[in-house]
$ cat final-v3.json   # JSON, C-alpha atoms
[["chain", "number", "residue", "atom", "x", "y", "z"],
["D", 1, "ALA", "CA", 8.28, 46.00, 24.58],
["D", 2, "HIS", "CA", 10.16, 44.23, 27.35],
["D", 3, "SER", "CA", 7.80, 41.47, 28.38],
["D", 4, "ILE", "CA", 7.05, 38.03, 27.02],
["D", 5, "ARG", "CA", 3.36, 37.35, 26.74],
["D", 6, "THR", "CA", 1.65, 34.21, 25.73],
["D", 7, "ARG", "CA", -1.41, 34.57, 23.50],
["D", 8, "ARG", "CA", -4.96, 33.44, 23.94],
["D", 9, "SER", "CA", -6.06, 31.71, 20.77],
["D", 10, "ARG", "CA", -9.25, 32.51, 18.96],
["D", 11, "ALA", "CA", -10.33, 28.96, 19.71],
["D", 12, "GLY", "CA", -10.43, 29.98, 23.37],
["D", 13, "ARG", "CA", -7.36, 28.04, 24.50],
["D", 14, "THR", "CA", -5.73, 29.29, 27.65],
["D", 15, "THR", "CA", -2.04, 29.98, 27.94],
["D", 16, "THR", "CA", -1.35, 28.65, 31.42],
["D", 17, "PRO", "CA", 1.99, 26.82, 31.51],
["D", 18, "ALA", "CA", 1.54, 23.07, 31.23],
["D", 19, "ARG", "CA", 3.45, 20.60, 33.38],
["D", 20, "ALA", "CA", 6.45, 19.22, 31.54],
["D", 21, "SER", "CA", 5.29, 15.77, 32.65],
["D", 22, "ALA", "CA", 1.74, 16.19, 31.32],
["D", 23, "SER", "CA", 0.65, 13.46, 28.95],
["D", 24, "ALA", "CA", -0.07, 14.05, 25.30],
["D", 25, "ALA", "CA", -3.76, 13.37, 25.97],
["D", 26, "GLU", "CA", -3.88, 15.98, 28.75],
["D", 27, "LEU", "CA", -2.12, 18.54, 26.59],
["D", 28, "GLN", "CA", -4.42, 17.78, 23.68],
["D", 29, "THR", "CA", -7.44, 18.51, 25.89],
["D", 30, "GLU", "CA", -5.92, 21.82, 26.97],
["D", 31, "TYR", "CA", -4.28, 23.03, 23.77],
["D", 32, "GLY", "CA", -5.61, 21.06, 20.83],
["D", 33, "ILE", "CA", -7.45, 23.04, 18.14],
["D", 34, "ALA", "CA", -9.56, 21.10, 15.67],
["D", 35, "ASP", "CA", -7.98, 20.81, 12.22],
["D", 36, "SER", "CA", -5.04, 23.02, 13.26],
["D", 37, "VAL", "CA", -3.12, 21.87, 16.37],
["D", 38, "GLU", "CA", -2.89, 18.31, 17.70],
["D", 39, "ILE", "CA", -0.71, 17.07, 20.56],
["D", 40, "VAL", "CA", 0.23, 13.40, 20.26],
["D", 41, "GLU", "CA", 2.85, 10.87, 21.30],
["D", 42, "GLY", "CA", 5.69, 10.84, 18.81],
["D", 43, "ASP", "CA", 8.68, 8.52, 18.45],
["D", 44, "ALA", "CA", 9.57, 6.62, 21.64],
["D", 45, "GLY", "CA", 6.61, 8.26, 23.40],
["D", 46, "LEU", "CA", 8.00, 11.81, 23.37],
["D", 47, "VAL", "CA", 5.25, 14.41, 23.10],
["D", 48, "LYS", "CA", 5.01, 16.36, 19.87],
["D", 49, "CYS", "CA", 2.73, 19.06, 18.47],
["D", 50, "VAL", "CA", 1.40, 18.61, 14.93],
["D", 51, "LEU", "CA", 0.41, 21.79, 13.10],
["D", 52, "THR", "CA", -1.81, 21.45, 10.03],
["D", 53, "HIS", "CA", -2.57, 24.22, 7.54],
["D", 54, "ALA", "CA", -5.72, 24.34, 5.44],
["D", 55, "ASN", "CA", -3.56, 24.10, 2.30],
["D", 56, "GLY", "CA", -2.35, 20.63, 3.32],
["D", 57, "SER", "CA", 1.06, 21.56, 4.68],
["D", 58, "SER", "CA", 2.10, 20.46, 8.17],
["D", 59, "ALA", "CA", 4.83, 20.83, 10.78],
["D", 60, "GLU", "CA", 5.85, 18.84, 13.84],
["D", 61, "VAL", "CA", 7.64, 20.10, 16.94],
["D", 62, "TYR", "CA", 8.73, 18.00, 19.92],
["D", 63, "LEU", "CA", 8.59, 19.41, 23.43],
["D", 64, "PHE", "CA", 11.97, 17.77, 24.03],
["D", 65, "GLY", "CA", 14.46, 20.37, 22.87],
["D", 66, "ALA", "CA", 11.66, 22.40, 21.23],
["D", 67, "CYS", "CA", 12.91, 20.63, 18.11],
["D", 68, "VAL", "CA", 10.95, 21.07, 14.89],
["D", 69, "THR", "CA", 11.37, 17.76, 13.09],
["D", 70, "SER", "CA", 9.15, 18.16, 10.03],
["D", 71, "TRP", "CA", 7.80, 20.80, 7.68],
["D", 72, "CYS", "CA", 5.88, 19.06, 4.92],
["D", 73, "GLN", "CA", 4.59, 20.76, 1.81],
["D", 74, "PRO", "CA", 1.05, 20.06, 0.51],
["D", 75, "SER", "CA", 2.74, 17.62, -1.92],
["D", 76, "GLY", "CA", 3.95, 15.57, 1.04],
["D", 77, "ASP", "CA", 7.60, 16.49, 0.49],
["D", 78, "ASP", "CA", 9.42, 17.32, 3.72],
["D", 79, "VAL", "CA", 11.71, 20.35, 3.62],
["D", 80, "LEU", "CA", 13.57, 19.27, 6.75],
["D", 81, "TYR", "CA", 15.84, 16.28, 7.31],
["D", 82, "VAL", "CA", 16.21, 14.06, 10.38],
["D", 83, "ARG", "CA", 19.40, 12.02, 10.47],
["D", 84, "PRO", "CA", 19.19, 8.21, 10.60],
["D", 85, "ASP", "CA", 21.17, 8.22, 13.86],
["D", 86, "ALA", "CA", 18.61, 10.47, 15.59],
["D", 87, "VAL", "CA", 17.26, 9.12, 18.89],
["D", 88, "PHE", "CA", 13.97, 10.08, 20.50],
["D", 89, "ASP", "CA", 14.43, 8.69, 24.01],
["D", 90, "GLY", "CA", 15.52, 11.96, 25.63],
["D", 91, "SER", "CA", 19.09, 10.72, 26.16],
["D", 92, "LYS", "CA", 20.58, 13.23, 23.71],
["D", 93, "PRO", "CA", 19.42, 16.08, 21.46],
["D", 94, "ILE", "CA", 17.37, 15.11, 18.40],
["D", 95, "SER", "CA", 19.75, 15.05, 15.42],
["D", 96, "GLY", "CA", 17.91, 16.79, 12.63],
["D", 97, "GLY", "CA", 15.02, 19.10, 11.89],
["D", 98, "VAL", "CA", 15.71, 22.43, 13.60],
["D", 99, "PRO", "CA", 17.58, 21.95, 16.89],
["D", 100, "LEU", "CA", 17.65, 25.11, 19.00],
["D", 101, "CYS", "CA", 21.12, 26.14, 20.19],
["D", 102, "PHE", "CA", 21.09, 28.34, 23.34],
["D", 103, "PRO", "CA", 22.79, 29.94, 25.26],
["D", 104, "GLN", "CA", 25.90, 28.86, 23.39],
["D", 105, "PHE", "CA", 26.56, 27.97, 19.78],
["D", 106, "GLY", "CA", 29.27, 25.41, 19.12],
["D", 107, "PRO", "CA", 32.00, 24.46, 21.61],
["D", 108, "GLY", "CA", 32.75, 26.63, 24.62],
["D", 109, "GLU", "CA", 32.50, 26.79, 28.38],
["D", 110, "MET", "CA", 29.49, 24.48, 28.50],
["D", 111, "GLN", "CA", 28.36, 21.48, 26.47],
["D", 112, "GLN", "CA", 28.25, 21.75, 22.67],
["D", 113, "HIS", "CA", 25.45, 24.11, 21.53],
["D", 114, "GLY", "CA", 24.24, 24.79, 25.08],
["D", 115, "PHE", "CA", 21.39, 23.08, 26.92],
["D", 116, "ALA", "CA", 18.13, 24.21, 25.28],
["D", 117, "ARG", "CA", 18.11, 21.37, 22.76],
["D", 118, "ASN", "CA", 18.30, 18.60, 25.36],
["D", 119, "LEU", "CA", 15.69, 19.79, 27.86],
["D", 120, "GLU", "CA", 11.93, 19.34, 27.98],
["D", 121, "TRP", "CA", 10.12, 22.59, 27.18],
["D", 122, "GLU", "CA", 6.67, 23.48, 28.49],
["D", 123, "LEU", "CA", 3.75, 23.94, 26.15],
["D", 124, "VAL", "CA", 2.20, 27.25, 27.22],
["D", 125, "GLY", "CA", -0.06, 28.23, 24.34],
["D", 126, "SER", "CA", -1.62, 27.34, 21.03],
["D", 127, "SER", "CA", -3.44, 29.40, 18.46],
["D", 128, "ALA", "CA", -4.93, 29.32, 15.00],
["D", 129, "ASP", "CA", -5.26, 33.02, 14.35],
["D", 130, "VAL", "CA", -7.23, 33.69, 11.21],
["D", 131, "ASN", "CA", -5.58, 35.69, 8.47],
["D", 132, "PRO", "CA", -7.81, 36.91, 5.58],
["D", 133, "ASP", "CA", -7.80, 33.43, 4.02],
["D", 134, "PHE", "CA", -6.61, 30.66, 6.33],
["D", 135, "PRO", "CA", -5.88, 29.90, 9.98],
["D", 136, "GLU", "CA", -2.17, 29.90, 10.74],
["D", 137, "PRO", "CA", -1.60, 27.31, 13.47],
["D", 138, "ALA", "CA", 1.03, 28.02, 16.10],
["D", 139, "VAL", "CA", 2.33, 26.67, 19.39],
["D", 140, "LEU", "CA", 4.22, 28.47, 22.12],
["D", 141, "LEU", "CA", 6.87, 26.68, 24.19],
["D", 142, "LYS", "CA", 8.73, 27.92, 27.26],
["D", 143, "LEU", "CA", 11.99, 27.11, 29.06],
["D", 144, "THR", "CA", 13.29, 28.63, 32.31],
["D", 145, "GLU", "CA", 16.34, 28.10, 34.46],
["D", 146, "SER", "CA", 16.77, 25.03, 36.66],
["D", 147, "GLU", "CA", 19.43, 23.52, 38.89],
["D", 148, "TYR", "CA", 20.66, 21.67, 35.80],
["D", 149, "THR", "CA", 21.08, 24.83, 33.70],
["D", 150, "LYS", "CA", 22.60, 26.85, 36.56],
["D", 151, "LYS", "CA", 25.40, 24.32, 36.92],
["D", 152, "MET", "CA", 26.46, 25.31, 33.40],
["D", 153, "TRP", "CA", 25.24, 28.89, 33.18],
["D", 154, "PRO", "CA", 24.51, 30.73, 36.46],
["D", 155, "TYR", "CA", 21.65, 32.91, 35.24],
["D", 156, "SER", "CA", 17.88, 33.13, 35.47],
["D", 157, "PHE", "CA", 16.07, 33.47, 32.15],
["D", 158, "ASP", "CA", 12.81, 32.94, 30.31],
["D", 159, "CYS", "CA", 12.87, 31.57, 26.77],
["D", 160, "VAL", "CA", 9.67, 31.51, 24.75],
["D", 161, "TYR", "CA", 9.65, 29.86, 21.32],
["D", 162, "GLU", "CA", 6.78, 30.27, 18.88],
["D", 163, "VAL", "CA", 6.45, 27.96, 15.88],
["D", 164, "THR", "CA", 3.94, 29.21, 13.28],
["D", 165, "LEU", "CA", 2.92, 27.36, 10.14],
["D", 166, "ARG", "CA", 2.14, 29.95, 7.49],
["D", 167, "ARG", "CA", 0.68, 29.27, 4.06],
["D", 168, "ASP", "CA", 4.07, 29.27, 2.33],
["D", 169, "ALA", "CA", 6.55, 29.51, 5.21],
["D", 170, "LEU", "CA", 7.57, 28.19, 8.59],
["D", 171, "GLN", "CA", 8.20, 31.02, 11.04],
["D", 172, "LEU", "CA", 10.30, 30.44, 14.16],
["D", 173, "GLU", "CA", 10.56, 33.12, 16.83],
["D", 174, "LEU", "CA", 12.71, 32.89, 19.96],
["D", 175, "LYS", "CA", 12.38, 35.41, 22.78],
["D", 176, "VAL", "CA", 14.96, 35.51, 25.58],
["D", 177, "ARG", "CA", 14.32, 37.50, 28.76],
["D", 178, "ASN", "CA", 16.97, 38.30, 31.35],
["D", 179, "SER", "CA", 15.43, 37.65, 34.79],
["D", 180, "ASN", "CA", 18.56, 38.63, 36.73],
["D", 181, "GLU", "CA", 19.75, 41.84, 38.31],
["D", 182, "GLU", "CA", 22.87, 41.75, 36.16],
["D", 183, "PRO", "CA", 23.41, 41.48, 32.39],
["D", 184, "PHE", "CA", 24.31, 38.25, 30.64],
["D", 185, "SER", "CA", 25.63, 37.42, 27.19],
["D", 186, "PHE", "CA", 24.72, 34.54, 24.91],
["D", 187, "THR", "CA", 25.05, 33.12, 21.42],
["D", 188, "GLY", "CA", 22.66, 30.83, 19.61],
["D", 189, "ALA", "CA", 21.29, 29.43, 16.38],
["D", 190, "LEU", "CA", 18.39, 27.61, 14.77],
["D", 191, "HIS", "CA", 20.34, 24.64, 13.42],
["D", 192, "SER", "CA", 18.09, 23.85, 10.45],
["D", 193, "TYR", "CA", 18.78, 20.65, 8.51],
["D", 194, "ILE", "CA", 17.36, 20.99, 4.99],
["D", 195, "GLU", "CA", 16.91, 17.93, 2.77],
["D", 196, "VAL", "CA", 18.66, 17.96, -0.62],
["D", 197, "THR", "CA", 18.83, 15.52, -3.52],
["D", 198, "ASP", "CA", 22.60, 15.02, -3.34],
["D", 199, "ALA", "CA", 24.94, 17.41, -1.57],
["D", 200, "ALA", "CA", 27.74, 16.32, -3.90],
["D", 201, "SER", "CA", 25.90, 17.80, -6.88],
["D", 202, "GLU", "CA", 26.87, 21.27, -8.10],
["D", 203, "GLU", "CA", 23.13, 21.93, -8.39],
["D", 204, "VAL", "CA", 22.99, 21.90, -4.59],
["D", 205, "CYS", "CA", 24.44, 25.21, -3.46],
["D", 206, "VAL", "CA", 23.94, 28.26, -1.26],
["D", 207, "THR", "CA", 23.72, 31.77, -2.70],
["D", 208, "GLY", "CA", 23.40, 35.21, -1.12],
["D", 209, "LEU", "CA", 26.70, 35.14, 0.76],
["D", 210, "GLN", "CA", 29.20, 36.38, -1.84],
["D", 211, "GLY", "CA", 31.54, 39.04, -0.49],
["D", 212, "LYS", "CA", 30.75, 38.21, 3.14],
["D", 213, "THR", "CA", 33.37, 37.58, 5.78],
["D", 214, "PHE", "CA", 33.15, 34.11, 7.27],
["D", 215, "LEU", "CA", 34.82, 32.05, 9.95],
["D", 216, "ASP", "CA", 36.08, 28.72, 8.59],
["D", 217, "LYS", "CA", 35.82, 26.24, 11.48],
["D", 218, "VAL", "CA", 37.19, 23.25, 9.57],
["D", 219, "PRO", "CA", 40.88, 23.61, 10.55],
["D", 220, "ASP", "CA", 40.05, 24.15, 14.26],
["D", 221, "PRO", "CA", 36.48, 24.76, 15.53],
["D", 222, "GLU", "CA", 37.86, 26.59, 18.58],
["D", 223, "ALA", "CA", 40.17, 28.83, 16.51],
["D", 224, "PRO", "CA", 38.39, 29.48, 13.20],
["D", 225, "VAL", "CA", 40.14, 31.19, 10.31],
["D", 226, "GLU", "CA", 38.62, 34.42, 8.96],
["D", 227, "LYS", "CA", 38.07, 34.40, 5.18],
["D", 228, "THR", "CA", 36.03, 36.16, 2.49],
["D", 229, "GLN", "CA", 33.45, 34.35, 0.32],
["D", 230, "GLU", "CA", 34.76, 35.01, -3.18],
["D", 231, "ALA", "CA", 32.56, 32.67, -5.23],
["D", 232, "ASP", "CA", 28.88, 33.38, -5.82],
["D", 233, "THR", "CA", 27.90, 29.90, -4.57],
["D", 234, "VAL", "CA", 28.86, 27.62, -1.70],
["D", 235, "THR", "CA", 29.02, 23.95, -2.76],
["D", 236, "PHE", "CA", 29.54, 20.75, -0.78],
["D", 237, "GLY", "CA", 30.86, 17.89, -2.89],
["D", 238, "LYS", "CA", 34.58, 18.12, -2.20],
["D", 239, "ALA", "CA", 35.11, 18.50, 1.54],
["D", 240, "LEU", "CA", 33.65, 19.29, 4.95],
["D", 241, "VAL", "CA", 32.01, 22.73, 5.10],
["D", 242, "ASP", "CA", 31.62, 24.43, 8.51],
["D", 243, "SER", "CA", 31.37, 28.20, 8.14],
["D", 244, "VAL", "CA", 29.90, 31.12, 10.07],
["D", 245, "TYR", "CA", 29.03, 34.01, 7.74],
["D", 246, "LEU", "CA", 29.06, 37.28, 9.65],
["D", 247, "ASP", "CA", 26.68, 40.25, 9.38],
["D", 248, "THR", "CA", 24.72, 38.73, 6.53],
["D", 249, "ASP", "CA", 22.03, 40.54, 4.57],
["D", 250, "GLY", "CA", 19.17, 38.54, 6.04],
["D", 251, "GLU", "CA", 18.56, 35.99, 3.29],
["D", 252, "ALA", "CA", 20.52, 32.93, 2.23],
["D", 253, "LEU", "CA", 19.09, 30.66, -0.45],
["D", 254, "LEU", "CA", 19.73, 26.92, -0.67],
["D", 255, "GLU", "CA", 19.15, 25.25, -4.03],
["D", 256, "VAL", "CA", 18.10, 21.72, -3.05],
["D", 257, "GLY", "CA", 18.75, 20.06, -6.42],
["D", 258, "THR", "CA", 15.19, 19.66, -7.68],
["D", 259, "GLY", "CA", 14.90, 23.13, -9.19],
["D", 260, "ALA", "CA", 13.34, 24.32, -5.91],
["D", 261, "ALA", "CA", 15.05, 26.40, -3.25],
["D", 262, "VAL", "CA", 14.63, 27.15, 0.45],
["D", 263, "VAL", "CA", 15.19, 30.70, 1.67],
["D", 264, "VAL", "CA", 16.44, 31.12, 5.25],
["D", 265, "SER", "CA", 15.56, 34.69, 6.22],
["D", 266, "HIS", "CA", 16.36, 36.67, 9.36],
["D", 267, "LEU", "CA", 13.31, 38.78, 10.23],
["D", 268, "SER", "CA", 14.76, 40.09, 13.50],
["D", 269, "GLY", "CA", 17.58, 39.52, 15.96],
["D", 270, "TRP", "CA", 19.76, 37.01, 14.14],
["D", 271, "THR", "CA", 22.89, 38.52, 12.58],
["D", 272, "ASP", "CA", 24.74, 35.64, 10.93],
["D", 273, "HIS", "CA", 24.24, 32.53, 8.80],
["D", 274, "VAL", "CA", 25.92, 29.20, 9.52],
["D", 275, "VAL", "CA", 26.45, 26.78, 6.63],
["D", 276, "TRP", "CA", 27.42, 23.20, 7.48],
["D", 277, "ASN", "CA", 27.73, 19.88, 5.73],
["D", 278, "PRO", "CA", 29.75, 17.10, 7.36],
["D", 279, "HIS", "CA", 30.87, 15.40, 4.10],
["D", 280, "GLU", "CA", 32.66, 12.09, 4.70],
["D", 281, "THR", "CA", 32.82, 12.64, 8.46],
["D", 282, "MET", "CA", 29.20, 11.43, 8.41],
["D", 283, "PRO", "CA", 29.21, 8.83, 5.61],
["D", 284, "ALA", "CA", 25.72, 7.47, 6.25],
["D", 285, "CYS", "CA", 23.87, 10.64, 5.36],
["D", 286, "TRP", "CA", 26.03, 13.65, 4.46],
["D", 287, "ASN", "CA", 24.76, 13.81, 0.89],
["D", 288, "ASN", "CA", 21.11, 14.01, 2.04],
["D", 289, "PHE", "CA", 21.17, 17.40, 3.78],
["D", 290, "VAL", "CA", 22.76, 20.81, 4.14],
["D", 291, "CYS", "CA", 22.40, 23.00, 7.23],
["D", 292, "VAL", "CA", 21.72, 26.68, 6.57],
["D", 293, "GLU", "CA", 21.08, 28.34, 9.91],
["D", 294, "SER", "CA", 20.00, 31.65, 11.39],
["D", 295, "ALA", "CA", 22.60, 32.44, 14.02],
["D", 296, "LEU", "CA", 23.93, 34.93, 16.53],
["D", 297, "VAL", "CA", 27.57, 33.91, 16.72],
["D", 298, "GLY", "CA", 30.02, 36.59, 15.58],
["D", 299, "ALA", "CA", 29.42, 38.83, 18.59],
["D", 300, "PRO", "CA", 27.65, 37.52, 21.71],
["D", 301, "HIS", "CA", 24.55, 39.53, 22.55],
["D", 302, "GLU", "CA", 24.55, 41.24, 25.93],
["D", 303, "LEU", "CA", 21.08, 41.42, 27.47],
["D", 304, "ALA", "CA", 20.38, 43.90, 30.28],
["D", 305, "PRO", "CA", 18.29, 42.95, 33.32],
["D", 306, "GLY", "CA", 14.59, 42.71, 32.46],
["D", 307, "GLU", "CA", 15.23, 43.17, 28.75],
["D", 308, "VAL", "CA", 14.02, 40.85, 25.98],
["D", 309, "TRP", "CA", 15.86, 39.82, 22.82],
["D", 310, "THR", "CA", 13.82, 38.51, 19.88],
["D", 311, "GLY", "CA", 15.18, 36.40, 17.05],
["D", 312, "THR", "CA", 12.78, 35.59, 14.24],
["D", 313, "THR", "CA", 13.53, 33.48, 11.20],
["D", 314, "SER", "CA", 11.46, 32.33, 8.24],
["D", 315, "LEU", "CA", 11.96, 29.28, 6.08],
["D", 316, "SER", "CA", 10.20, 29.66, 2.74]]
$ encode --input "final-v3.json" --output "structure tokens"
Amino acid sequence: AHSIRTRRSRAGRTTTPARASASAAELQTEYGIADSVEIVEGDAGLVKCVLTHANGSSAEVYLFGACVTSWCQPSGDDVLYVRPDAVFDGSKPISGGVPLCFPQFGPGEMQQHGFARNLEWELVGSSADVNPDFPEPAVLLKLTESEYTKKMWPYSFDCVYEVTLRRDALQLELKVRNSNEEPFSFTGALHSYIEVTDAASEEVCVTGLQGKTFLDKVPDPEAPVEKTQEADTVTFGKALVDSVYLDTDGEALLEVGTGAAVVVSHLSGWTDHVVWNPHETMPACWNNFVCVESALVGAPHELAPGEVWTGTTSLS
């Protein structure tokens, strides 16, 4: 229960850690699985993994930041949103998709949202395990401490992140192992950007949070105000929204404005939901997306030496 293990795929792929500097072609030879997992050069030459389901859906995840940048339905419609100011040259985190915030969410003692989203992760496994009907392609990425991380956070750790494309869902599972002889504490989030028709519309709203306590970060992100969600919906047309909902029930539902909705579900580990829309502070694109995130923010999680924390979320 307290170890992180990579999986051997049914296609016979090994799970030996790959060099972060390995080319897309080398990684494709090692980890590619016909019709399910392909490793290619993405924007600006950054390496990405493309997962394809038999039903026609797909997902893309970059090794830089372990950032999932696309989850397309069989119709071709992408659930996720990448901002127009996103850069793919490795100079800064990818703005959009699902950036991974660890070991800190938001502002704090280190850089905003920690360091996991602006480091190259290693590809350590791929699989296309067969369920009763279809293969479910997955990739496994790993990040460990370095001189760079220890300058900000003086701990040894192993992070393993599994991205699985299911028939009707995208499952994201983060495992964090404490490799020290002392405990450490962390916060984090999966900062999912979800595309909407127009965030200013009342048809675009979040439900499932009524009655919950939340931290309103708009007045001062470093000194948020505690409030209670009175209304049955959270809407975005009037002002900046930046809220951390504490001890949520596990599911928050975002109506995207087309009659469809995306459910962000905590399956394990995560305790809170973050809801964010920048409104006019980001005039070029604020009306195109809403962030509804699985998070561990309200109370930092203390992890004992050798122990593993698992946070699993599902977008469906």
$ atom_distance --input "final-v3.json" --atom1 "CA of Val256 in chain D" --atom2 "CA of Phe105 in chain D"
25.1 Å
$ residues_around --input "final-v3.json" --residues "Ala252 in chain D" --least-positions-apart "6" --cutoff "9 Å" --atoms "all atoms listed in the file" --output "PyMOL selection string"
chain D and resi 206-209+262-265+273+292-293
$ residues_around --input "final-v3.json" --residues "range 225-241 of chain D" --least-positions-apart "3" --cutoff "12 Å" --atoms "all atoms listed in the file" --output "PyMOL selection string"
chain D and resi 196+198-222+244-246+248+252-257+274-283+286-292+298
$ atom_distance --input "final-v3.json" --atom1 "CA of Glu26 in chain D" --atom2 "CA of Glu60 in chain D"
18.0 Å
$ residues_around --input "final-v3.json" --residues "Phe102 in chain D" --least-positions-apart "3" --cutoff "10 Å" --atoms "only C-alpha atoms" --output "list in words"
Pro99, Phe105, Gly106, Gln112, His113, Gly114, Phe115, Ala116, Arg117, Cys159, Val176, Phe186, Thr187, Gly188, Ala189, Leu190 and Leu296 of chain D
$ build_atoms --input "final-v3.json" --residues "range 294-301 of chain D" --atoms "all heavy atoms" --output "compact mmCIF listing (two decimals), in the coordinates of the input"
# COMPACT_ATOMS: atom_id res chain seq x y z
N SER D 294 20.00 30.31 10.81
CA SER D 294 20.00 31.65 11.39
C SER D 294 20.78 31.60 12.69
O SER D 294 20.53 30.73 13.53
CB SER D 294 18.56 32.11 11.66
OG SER D 294 17.86 32.35 10.47
N ALA D 295 21.70 32.54 12.87
CA ALA D 295 22.60 32.44 14.02
C ALA D 295 22.95 33.81 14.59
O ALA D 295 22.82 34.84 13.92
CB ALA D 295 23.87 31.69 13.63
N LEU D 296 23.39 33.77 15.82
CA LEU D 296 23.93 34.93 16.53
C LEU D 296 25.24 34.45 17.14
O LEU D 296 25.26 33.91 18.24
CB LEU D 296 22.95 35.39 17.61
CG LEU D 296 23.35 36.55 18.51
CD1 LEU D 296 23.45 37.85 17.71
CD2 LEU D 296 22.37 36.70 19.65
N VAL D 297 26.33 34.58 16.36
CA VAL D 297 27.57 33.91 16.72
C VAL D 297 28.75 34.87 16.73
O VAL D 297 29.59 34.83 17.63
CB VAL D 297 27.88 32.75 15.73
CG1 VAL D 297 29.18 32.06 16.11
CG2 VAL D 297 26.74 31.74 15.71
N GLY D 298 28.84 35.75 15.74
CA GLY D 298 30.02 36.59 15.58
C GLY D 298 30.31 37.44 16.79
O GLY D 298 31.47 37.58 17.21
N ALA D 299 29.27 38.01 17.39
CA ALA D 299 29.42 38.83 18.59
C ALA D 299 28.33 38.42 19.57
O ALA D 299 27.14 38.58 19.26
CB ALA D 299 29.30 40.32 18.25
N PRO D 300 28.67 37.88 20.73
CA PRO D 300 27.65 37.52 21.71
C PRO D 300 26.77 38.72 22.03
O PRO D 300 27.23 39.86 22.07
CB PRO D 300 28.46 37.09 22.93
CG PRO D 300 29.78 36.64 22.36
CD PRO D 300 30.03 37.54 21.19
N HIS D 301 25.49 38.45 22.24
CA HIS D 301 24.55 39.53 22.55
C HIS D 301 24.45 39.71 24.06
O HIS D 301 24.19 38.77 24.79
CB HIS D 301 23.17 39.21 21.99
CG HIS D 301 22.18 40.32 22.19
ND1 HIS D 301 22.14 41.44 21.38
CD2 HIS D 301 21.22 40.49 23.13
CE1 HIS D 301 21.18 42.24 21.80
NE2 HIS D 301 20.61 41.70 22.85
